[in-house]
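**Q** Data: upload32.tsv, TSV, C-alpha atoms.
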```tsv
chain	number	residue	atom	x	y	z
A	25	MET	CA	38.12	223.71	50.92
A	26	VAL	CA	35.16	222.88	48.66
A	27	ALA	CA	35.92	225.93	46.53
A	28	VAL	CA	39.57	224.87	46.23
A	29	PHE	CA	38.51	221.33	45.29
A	30	LEU	CA	36.12	222.58	42.58
A	31	TYR	CA	38.76	225.01	41.32
A	32	ASN	CA	41.26	222.16	40.87
A	33	ILE	CA	38.71	219.95	39.15
A	34	LEU	CA	37.75	222.71	36.71
A	35	LEU	CA	41.42	223.38	35.95
A	36	ILE	CA	42.12	219.73	35.21
A	37	VAL	CA	38.97	219.44	33.07
A	38	LEU	CA	40.02	222.52	31.08
A	39	TYR	CA	43.54	221.17	30.56
A	40	ALA	CA	42.23	217.71	29.64
A	41	LEU	CA	39.73	219.10	27.13
A	42	ALA	CA	42.37	221.23	25.41
A	43	MET	CA	44.80	218.28	25.40
A	44	ALA	CA	42.19	215.88	23.97
A	45	LEU	CA	41.47	218.27	21.10
A	46	SER	CA	45.20	218.76	20.53
A	47	ILE	CA	45.70	214.98	20.31
A	48	ASN	CA	42.80	214.79	17.86
A	49	PHE	CA	44.33	217.48	15.64
A	50	PHE	CA	47.75	215.80	15.79
A	51	LEU	CA	46.32	212.42	14.75
A	52	ARG	CA	44.40	214.02	11.88
A	53	ARG	CA	47.03	216.47	10.63
A	54	LYS	CA	50.33	214.89	11.77
A	55	GLN	CA	51.75	218.33	12.60
A	56	THR	CA	54.53	218.61	15.19
A	57	LEU	CA	52.94	221.74	16.66
A	58	PHE	CA	50.00	219.78	18.06
A	59	LEU	CA	52.28	217.11	19.54
A	60	LEU	CA	54.24	219.85	21.35
A	61	VAL	CA	51.01	221.43	22.60
A	62	THR	CA	49.82	218.03	23.84
A	63	ILE	CA	53.02	217.46	25.85
A	64	TYR	CA	52.87	221.03	27.16
A	65	LEU	CA	49.30	220.51	28.42
A	66	LEU	CA	50.12	217.09	29.85
A	67	PHE	CA	52.68	218.68	32.14
A	68	PHE	CA	50.13	221.37	33.10
A	69	ILE	CA	47.95	218.52	34.37
A	70	PHE	CA	50.90	216.81	36.09
A	71	ASP	CA	51.89	220.03	37.87
A	72	ASN	CA	48.34	220.84	38.96
A	73	ALA	CA	47.83	217.29	40.26
A	74	ILE	CA	50.91	217.65	42.50
A	75	ILE	CA	49.77	221.05	43.76
A	76	TYR	CA	46.30	219.67	44.42
A	77	MET	CA	47.72	216.87	46.59
A	78	THR	CA	49.84	219.34	48.58
A	79	GLU	CA	46.66	221.30	49.33
A	80	PHE	CA	44.56	218.34	50.48
A	81	ILE	CA	46.97	215.67	51.79
A	82	ASN	CA	49.08	216.94	54.71
A	83	SER	CA	51.47	213.99	54.76
A	84	PHE	CA	52.13	214.36	51.03
A	85	ALA	CA	52.60	218.13	51.40
A	86	SER	CA	55.21	217.66	54.14
A	87	SER	CA	57.10	215.04	52.17
A	88	TYR	CA	56.91	217.01	48.91
A	89	ASN	CA	58.05	220.27	50.51
A	90	GLU	CA	61.02	218.61	52.18
A	91	THR	CA	62.02	217.00	48.89
A	92	PHE	CA	61.52	220.28	47.05
A	93	MET	CA	63.97	222.05	49.38
A	94	SER	CA	66.69	219.48	48.70
A	95	ILE	CA	66.10	217.72	45.36
A	96	PRO	CA	63.12	219.25	43.48
A	97	VAL	CA	63.17	216.66	40.70
A	98	ALA	CA	59.46	216.74	39.80
A	99	LYS	CA	59.23	220.53	39.63
A	100	THR	CA	62.47	220.79	37.66
A	101	ILE	CA	61.28	218.26	35.08
A	102	ILE	CA	57.96	220.10	34.72
A	103	TYR	CA	59.65	223.48	34.18
A	104	VAL	CA	62.29	222.15	31.78
A	105	VAL	CA	59.79	220.27	29.61
A	106	ASN	CA	57.42	223.26	29.51
A	107	ALA	CA	60.28	225.64	28.70
A	108	TYR	CA	61.49	223.37	25.87
A	109	CYS	CA	57.99	222.86	24.45
A	110	SER	CA	57.04	226.55	24.69
A	111	LEU	CA	60.27	227.50	22.89
A	112	LEU	CA	59.55	225.10	20.01
A	113	ILE	CA	55.88	226.18	19.90
A	114	ILE	CA	56.68	229.90	19.59
A	115	ASN	CA	59.27	229.20	16.87
A	116	ASN	CA	56.77	227.00	15.05
A	117	LEU	CA	54.20	229.81	15.13
A	118	LEU	CA	56.83	232.29	13.92
A	119	LYS	CA	58.03	229.86	11.20
A	120	ARG	CA	61.58	230.14	12.54
A	121	LYS	CA	64.21	227.55	13.40
A	122	THR	CA	65.23	227.19	17.02
A	123	SER	CA	68.75	228.54	17.36
A	124	PHE	CA	71.68	227.00	19.22
A	125	LEU	CA	71.58	229.96	21.63
A	126	GLN	CA	67.93	229.24	22.49
A	127	TYR	CA	68.70	225.57	23.16
A	128	SER	CA	71.54	226.82	25.37
A	129	PHE	CA	69.06	228.87	27.39
A	130	VAL	CA	67.08	225.71	28.19
A	131	VAL	CA	70.27	223.86	29.17
A	132	LEU	CA	71.36	226.74	31.43
A	133	LEU	CA	67.88	226.80	32.94
A	134	THR	CA	68.21	223.11	33.77
A	135	ILE	CA	71.67	223.54	35.29
A	136	TRP	CA	70.52	226.53	37.34
A	137	MET	CA	67.54	224.65	38.83
A	138	SER	CA	69.84	221.71	39.61
A	139	LEU	CA	72.46	223.82	41.44
A	140	VAL	CA	70.30	226.31	43.38
A	141	PRO	CA	68.83	223.58	45.65
A	142	LEU	CA	72.38	222.97	46.97
A	143	MET	CA	72.22	226.31	48.76
A	144	ALA	CA	71.16	226.60	52.41
A	145	ASN	CA	67.42	226.69	52.97
A	146	SER	CA	66.05	230.22	52.75
A	147	ALA	CA	63.44	232.29	50.98
A	148	THR	CA	66.13	233.63	48.66
A	149	LYS	CA	67.05	230.11	47.61
A	150	VAL	CA	63.45	229.38	46.55
A	151	TRP	CA	63.11	232.76	44.84
A	152	LEU	CA	66.30	232.15	42.87
A	153	TYR	CA	65.06	228.71	41.89
A	154	TYR	CA	61.90	230.14	40.27
A	155	LEU	CA	63.44	233.34	38.88
A	156	PRO	CA	64.90	232.05	35.56
A	157	ASN	CA	61.61	230.37	34.61
A	158	GLN	CA	59.71	233.64	34.76
A	159	LEU	CA	62.53	235.48	32.96
A	160	PHE	CA	62.49	232.79	30.26
A	161	LEU	CA	58.70	233.22	29.86
A	162	MET	CA	59.14	236.99	29.46
A	163	TYR	CA	61.96	236.39	26.97
A	164	LEU	CA	59.71	234.16	24.85
A	165	GLY	CA	57.02	236.82	24.88
A	166	LEU	CA	59.44	239.57	23.84
A	167	TYR	CA	61.02	237.29	21.23
A	168	GLY	CA	57.65	236.38	19.73
A	169	TRP	CA	56.42	239.98	19.76
A	170	HIS	CA	59.63	241.29	18.16
A	171	HIS	CA	59.65	238.82	15.27
A	172	LEU	CA	55.89	239.06	14.79
A	173	LYS	CA	56.23	242.78	14.07
A	174	LYS	CA	58.96	242.05	11.50
A	175	THR	CA	56.98	239.40	9.59
A	176	THR	CA	54.45	240.32	6.91
A	177	ASP	CA	53.49	236.93	5.43
A	178	PHE	CA	51.39	235.65	8.35
A	179	SER	CA	47.79	234.62	7.89
A	180	PRO	CA	45.35	236.64	10.05
A	181	ALA	CA	44.74	233.60	12.28
A	182	ARG	CA	48.43	232.85	12.85
A	183	TYR	CA	49.10	236.53	13.55
A	184	PHE	CA	46.21	236.67	16.06
A	185	TYR	CA	47.29	233.63	18.10
A	186	THR	CA	50.99	234.46	18.02
A	187	LYS	CA	50.27	238.02	19.12
A	188	TRP	CA	48.16	236.98	22.11
A	189	ILE	CA	50.51	234.22	23.22
A	190	SER	CA	53.50	236.60	23.02
A	191	LEU	CA	51.68	239.40	24.83
A	192	SER	CA	50.40	237.04	27.54
A	193	SER	CA	53.88	235.59	28.07
A	194	MET	CA	55.37	239.04	28.64
A	195	ILE	CA	52.66	240.22	31.01
A	196	PHE	CA	52.19	237.05	33.01
A	197	GLY	CA	55.92	236.33	33.22
A	198	LEU	CA	56.19	239.58	35.18
A	199	LEU	CA	53.01	238.99	37.23
A	200	ILE	CA	54.09	235.46	38.18
A	201	LEU	CA	57.48	236.79	39.29
A	202	LEU	CA	55.84	239.50	41.43
A	203	GLU	CA	53.45	237.02	43.04
A	204	ASP	CA	56.30	234.58	43.71
A	205	SER	CA	58.33	237.36	45.32
A	206	TYR	CA	55.49	238.33	47.64
A	207	VAL	CA	54.46	234.80	48.62
A	208	ILE	CA	58.02	233.49	49.08
A	209	TYR	CA	59.16	236.39	51.28
A	210	ARG	CA	55.93	237.26	53.08
A	211	VAL	CA	53.81	234.09	53.31
A	212	ASP	CA	55.97	230.93	53.09
A	213	GLN	CA	58.19	229.71	55.93
A	214	TYR	CA	61.61	228.11	55.40
A	215	THR	CA	62.97	227.58	58.91
A	216	PHE	CA	64.85	224.40	59.76
A	217	LEU	CA	62.00	223.02	61.87
A	218	ASN	CA	59.09	224.41	59.87
A	219	VAL	CA	58.93	224.37	56.09
A	220	LYS	CA	55.58	225.70	54.91
A	221	ILE	CA	55.24	226.37	51.17
A	222	ASN	CA	52.32	227.67	49.16
A	223	ASN	CA	52.90	225.76	45.91
A	224	ARG	CA	50.14	227.40	43.87
A	225	ASN	CA	50.71	230.58	41.89
A	226	ILE	CA	47.38	232.13	40.88
A	227	CYS	CA	48.90	234.22	38.07
A	228	GLU	CA	50.46	231.04	36.67
A	229	ASP	CA	47.03	229.40	36.74
A	230	ILE	CA	45.45	232.35	34.95
A	231	PHE	CA	48.17	232.21	32.30
A	232	SER	CA	47.64	228.48	31.75
A	233	MET	CA	43.86	229.01	31.52
A	234	LEU	CA	44.36	231.79	28.98
A	235	VAL	CA	46.56	229.48	26.90
A	236	CYS	CA	43.85	226.80	27.03
A	237	PHE	CA	41.10	229.25	26.02
A	238	LEU	CA	43.21	230.39	23.05
A	239	LEU	CA	43.71	226.77	22.06
A	240	LEU	CA	40.00	225.95	22.40
A	241	HIS	CA	39.15	229.03	20.33
A	242	TYR	CA	41.55	227.83	17.63
A	243	PHE	CA	40.32	224.22	17.66
A	244	PHE	CA	36.60	225.08	17.49
A	245	LYS	CA	37.08	227.88	14.94
A	246	THR	CA	39.17	225.61	12.72
A	247	GLU	CA	36.59	222.82	13.00
A	248	GLU	CA	33.84	225.25	11.97
A	249	GLN	CA	35.89	226.32	8.94
A	250	VAL	CA	36.42	222.69	7.94
A	251	ILE	CA	32.68	222.01	8.20
A	252	GLU	CA	31.91	225.12	6.11
A	253	GLU	CA	34.43	224.01	3.47
A	254	VAL	CA	32.86	220.53	3.34
A	255	VAL	CA	29.37	222.04	3.00
A	256	GLU	CA	30.54	224.37	0.23
A	257	GLU	CA	32.22	221.46	-1.55
A	258	LYS	CA	29.04	219.39	-1.24
A	259	GLU	CA	26.95	222.23	-2.65
A	260	ASP	CA	29.37	222.66	-5.54
A	261	VAL	CA	29.20	218.94	-6.36
A	262	GLN	CA	25.40	219.05	-6.15
A	263	PHE	CA	25.20	222.04	-8.48
A	264	GLN	CA	27.58	220.48	-11.02
A	265	GLN	CA	25.54	217.28	-11.09
A	266	PHE	CA	22.34	219.30	-11.45
A	267	CYS	CA	23.78	221.17	-14.44
A	268	ARG	CA	25.08	217.98	-16.07
A	269	HIS	CA	21.72	216.27	-15.59
A	270	TYR	CA	19.86	219.03	-17.47
A	271	GLY	CA	22.60	219.64	-20.03
A	272	PHE	CA	23.37	223.28	-19.19
A	273	THR	CA	26.08	225.04	-21.16
A	274	GLN	CA	28.89	226.84	-19.31
A	275	ARG	CA	27.15	230.20	-19.71
A	276	GLU	CA	23.83	228.74	-18.55
A	277	GLN	CA	25.58	227.37	-15.46
A	278	GLU	CA	26.91	230.84	-14.63
A	279	ILE	CA	23.45	232.36	-15.00
A	280	CYS	CA	21.68	229.52	-13.18
A	281	ILE	CA	23.79	229.92	-10.05
A	282	LEU	CA	22.92	233.64	-10.02
A	283	LEU	CA	19.25	232.77	-10.41
A	284	LEU	CA	19.57	230.53	-7.35
A	285	GLU	CA	20.97	233.58	-5.51
A	286	HIS	CA	17.77	235.53	-6.39
A	287	LYS	CA	19.60	237.97	-8.68
A	288	SER	CA	17.54	240.06	-11.12
A	289	ASN	CA	18.14	240.00	-14.87
A	290	GLN	CA	19.93	243.35	-14.74
A	291	GLN	CA	22.14	242.23	-11.81
A	292	ILE	CA	23.06	239.08	-13.72
A	293	ALA	CA	23.89	241.11	-16.84
A	294	ASP	CA	26.07	243.49	-14.83
A	295	GLU	CA	27.88	240.71	-12.99
A	296	ILE	CA	28.87	238.59	-16.01
A	297	PHE	CA	29.13	241.49	-18.49
A	298	LEU	CA	26.39	240.46	-20.90
A	299	SER	CA	23.59	242.46	-22.49
A	300	LEU	CA	20.16	242.24	-20.88
A	301	GLY	CA	18.74	240.62	-24.00
A	302	THR	CA	21.40	237.88	-24.02
A	303	VAL	CA	20.73	237.15	-20.35
A	304	LYS	CA	16.97	236.82	-21.03
A	305	THR	CA	17.72	234.40	-23.88
A	306	HIS	CA	19.86	232.18	-21.64
A	307	ILE	CA	17.25	232.26	-18.87
A	308	HIS	CA	14.58	231.26	-21.41
A	309	ASN	CA	16.76	228.27	-22.43
A	310	ILE	CA	17.21	227.29	-18.76
A	311	PHE	CA	13.41	227.42	-18.28
A	312	ILE	CA	12.90	225.14	-21.29
A	313	LYS	CA	15.47	222.57	-20.07
A	314	LEU	CA	13.96	222.56	-16.58
A	315	ASN	CA	10.38	222.66	-17.95
A	316	VAL	CA	9.49	225.64	-15.74
A	317	LYS	CA	7.95	229.06	-16.38
A	318	LYS	CA	8.93	231.14	-13.32
A	319	ARG	CA	12.20	232.08	-11.65
A	320	ASN	CA	11.22	230.65	-8.26
A	321	GLN	CA	10.52	227.33	-9.98
A	322	VAL	CA	14.24	227.12	-10.86
A	323	ILE	CA	15.04	227.06	-7.13
A	324	GLU	CA	12.28	224.51	-6.53
A	325	ALA	CA	13.66	222.30	-9.32
A	326	TYR	CA	17.16	222.50	-7.84
A	327	GLU	CA	15.95	221.60	-4.34
A	328	ALA	CA	13.79	218.78	-5.71
A	329	PHE	CA	16.77	217.39	-7.63
A	330	ASN	CA	18.90	217.34	-4.47
A	331	LYS	CA	16.20	215.54	-2.53
A	332	SER	CA	15.44	213.04	-5.30
A	333	GLY	CA	18.48	210.82	-4.70
A	334	LYS	CA	20.12	211.73	-8.04
A	335	ILE	CA	23.08	213.36	-6.31
A	336	GLY	CA	25.33	210.35	-6.53
A	337	THR	CA	27.96	208.83	-4.33
A	338	GLU	CA	30.66	211.46	-4.84
A	339	ILE	CA	28.94	213.80	-2.38
A	340	SER	CA	29.08	211.31	0.44
A	341	SER	CA	32.73	210.58	-0.32
A	342	THR	CA	33.48	214.31	-0.14
A	343	ALA	CA	32.30	214.46	3.47
A	344	VAL	CA	34.63	211.70	4.66
```
Is it possible to give me this structure as structure tokens?
**A**
Amino acid sequence: MVAVFLYNILLIVLYALAMALSINFFLRRKQTLFLLVTIYLLFFIFDNAIIYMTEFINSFASSYNETFMSIPVAKTIIYVVNAYCSLLIINNLLKRKTSFLQYSFVVLLTIWMSLVPLMANSATKVWLYYLPNQLFLMYLGLYGWHHLKKTTDFSPARYFYTKWISLSSMIFGLLILLEDSYVIYRVDQYTFLNVKINNRNICEDIFSMLVCFLLLHYFFKTEEQVIEEVVEEKEDVQFQQFCRHYGFTQREQEICILLLEHKSNQQIADEIFLSLGTVKTHIHNIFIKLNVKKRNQVIEAYEAFNKSGKIGTEISSTAV
């Protein structure tokens, strides 16, 4: 039981972390995609909380299972919301509009899960209840994979995440269906006097964890890129102020930045298509303006300038 408890806690922490980062990205970027992801993850947490209580609280498990066999409102809401959000998410990633037919699939899914519980209690009834959800997940995977192969204007990052989400949906839609089939017909009990249901699907958990890991990878990688862009922008502002302070011409700026990269005279000449003599003349002028005599002193002068407090306020405003 301790292992099950820790497993549930780790799942909820993973979902909560991914959701918190998604909320942060939505507030910063105001993109609908992150709002959809946030709602999607919220219902992951809601579903896992219910399953957790059925595993640890016997009275709740009995009450929930009886309700599930007659009016499974909570589970239906969870599946419908996740189906709707996942549909919009995959279309957002594919840069496609959600069609009327796709909205119809979600409506039919809702109607199906509302009517199946009216059947007599049996394993088949429960299997039929879950069946369209797994088929819908496989459909989304196939749909995403098909249109991904037809599109050529995706960025490498968008292609990577769309590919893995589509592939995971196809594979795990099938695995979840197979696990449901085994557990429903071989493990659970649906007799009139004894309803015993195993509400957790391990393949479904693995799929949700994979989705969270993909999201965390995206969030942290994007944050690193933003930091790198800010650093590069800071360095560019610093260099421009350094050049203005010492009155470098445009050509001297081009050569100075190559000096800071430890390029030789010949490398500089080759890179900016100047003669070696012209490059030496410009370097001599840079030395005079900086009042230095050696190449390494140019780097020292640049570093000293940045540390001297002459950088100005525009750098700090760039980082905000």
**Q** Name the closest residue to Leu238 (chain A) among the candidates A:Lys149, A:Lys174, A:Lys318, A:Arg182; distances are taken between atoms, counting all atoms listed in the file.
**A**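 The closest residue to Leu238 (chain A) is A:Arg182.
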**Q** Kindly give the distance, in Å, that separates CA of Leu57 (chain A) and CA of Leu201 (chain A), rounded to a single decimal.
**A** 27.6 Å
**Q** Counting only C-alpha atoms, which of A:Ile101, A:Val28, A:Leu132, A:Leu155 gets nearest to Thr78 (chain A)?
**A**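 The answer is A:Val28, which sits nearest to Thr78 (chain A).
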**Q** Near region 116-130 of chain A, within 7 Å and counting only C-alpha atoms, which residues show up once chain neighbours fewer than 6 positions away are dropped, as a list in words?
**A**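 Within the cut-off, the hits are Leu57, Val104, Ala107, Tyr108, Leu172, Arg182 and Thr186 of chain A.
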**Q** Would you mind listing what lies within 12 Å of Val219 (chain A) as a VMD selection string, with only C-alpha atoms counted and same-chain residues fewer than 5 positions away left out?
**A** chain A and resid 85 to 94 145 to 147 150 208 211 to 214
**Q** How many Å separate CA of Thr246 (chain A) from CA of Lys187 (chain A)?
**A**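 These two atoms are separated by 17.8 Å.
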**Q** Place a sphere of radius 12 Å on (45.6, 233.1, 28.2) in the file coordinates and name every protein, DNA or RNA residue with an atom inside or on its surface, counting all atoms listed in the file; give the answer as a VMD selection string.
**A** chain A and resid 185 to 197 227 to 241
**Q** First collect every listed atom of region 79-82 of chain A; then fit an axis-aligned box around them, widen it by 8 Å on each side, and give centre and edge lengths in Å to one decimal, as lines of an AutoDock Vina configuration file.
**A**
```
center_x = 46.8
center_y = 218.5
center_z = 52.0
size_x = 20.5
size_y = 21.6
size_z = 21.4
```
**Q** Could you give me, as JSON lines, a per-residue list for region 287-321 of chain A showing, wherever an atom lies at most 8 Å from an atom of region 266-276 of chain A, the closest pair of atoms and their distance in Å to one decimal, using only C-alpha atoms and sorting by chain then residue number from low to high?
**A**
```
{"residue": "A:His306", "atom": "CA", "partner": "A:Glu276", "partner_atom": "CA", "distance": 6.1}
{"residue": "A:Ile307", "atom": "CA", "partner": "A:Glu276", "partner_atom": "CA", "distance": 7.5}
{"residue": "A:Ile310", "atom": "CA", "partner": "A:Glu276", "partner_atom": "CA", "distance": 6.8}
{"residue": "A:Lys313", "atom": "CA", "partner": "A:Tyr270", "partner_atom": "CA", "distance": 6.2}
{"residue": "A:Leu314", "atom": "CA", "partner": "A:Tyr270", "partner_atom": "CA", "distance": 6.9}
```
**Q** Enter the distance from CA of Leu41 (chain A) to CA of Arg53 (chain A), in Å, rounded to one decimal.
**A**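 Calculated distance between CA of Leu41 (chain A) and CA of Arg53 (chain A) is 18.2 Å.
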**Q** Return the single residue from A:Leu45, A:Met137, A:Ala40, A:Ile200 that is closest to Glu247 (chain A), with distances computed using only C-alpha atoms.
**A**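 Under the stated criterion, the closest residue is A:Leu45.
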**Q** Just the residues within 10 Å of Met25 (chain A), please, counting all atoms listed in the file, with nothing from its chain fewer than 5 positions along; format it as a list in words.
**A**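 Everything that qualifies: Leu30, Tyr31, Glu79 and Phe80 of chain A.
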**Q** Write to file, as a tab-separated table (two decimals), in the frame of the given file, the residues of the selection just made, with C-alpha atoms.
**A**
```tsv
chain	number	residue	atom	x	y	z
A	30	LEU	CA	36.12	222.58	42.58
A	31	TYR	CA	38.76	225.01	41.32
A	79	GLU	CA	46.66	221.30	49.33
A	80	PHE	CA	44.56	218.34	50.48
```
**Q** Counting all atoms listed in the file, which of A:Ile36, A:Phe243, A:Ile81, A:Ala98 gets nearest to Phe58 (chain A)?
**A** A:Phe243
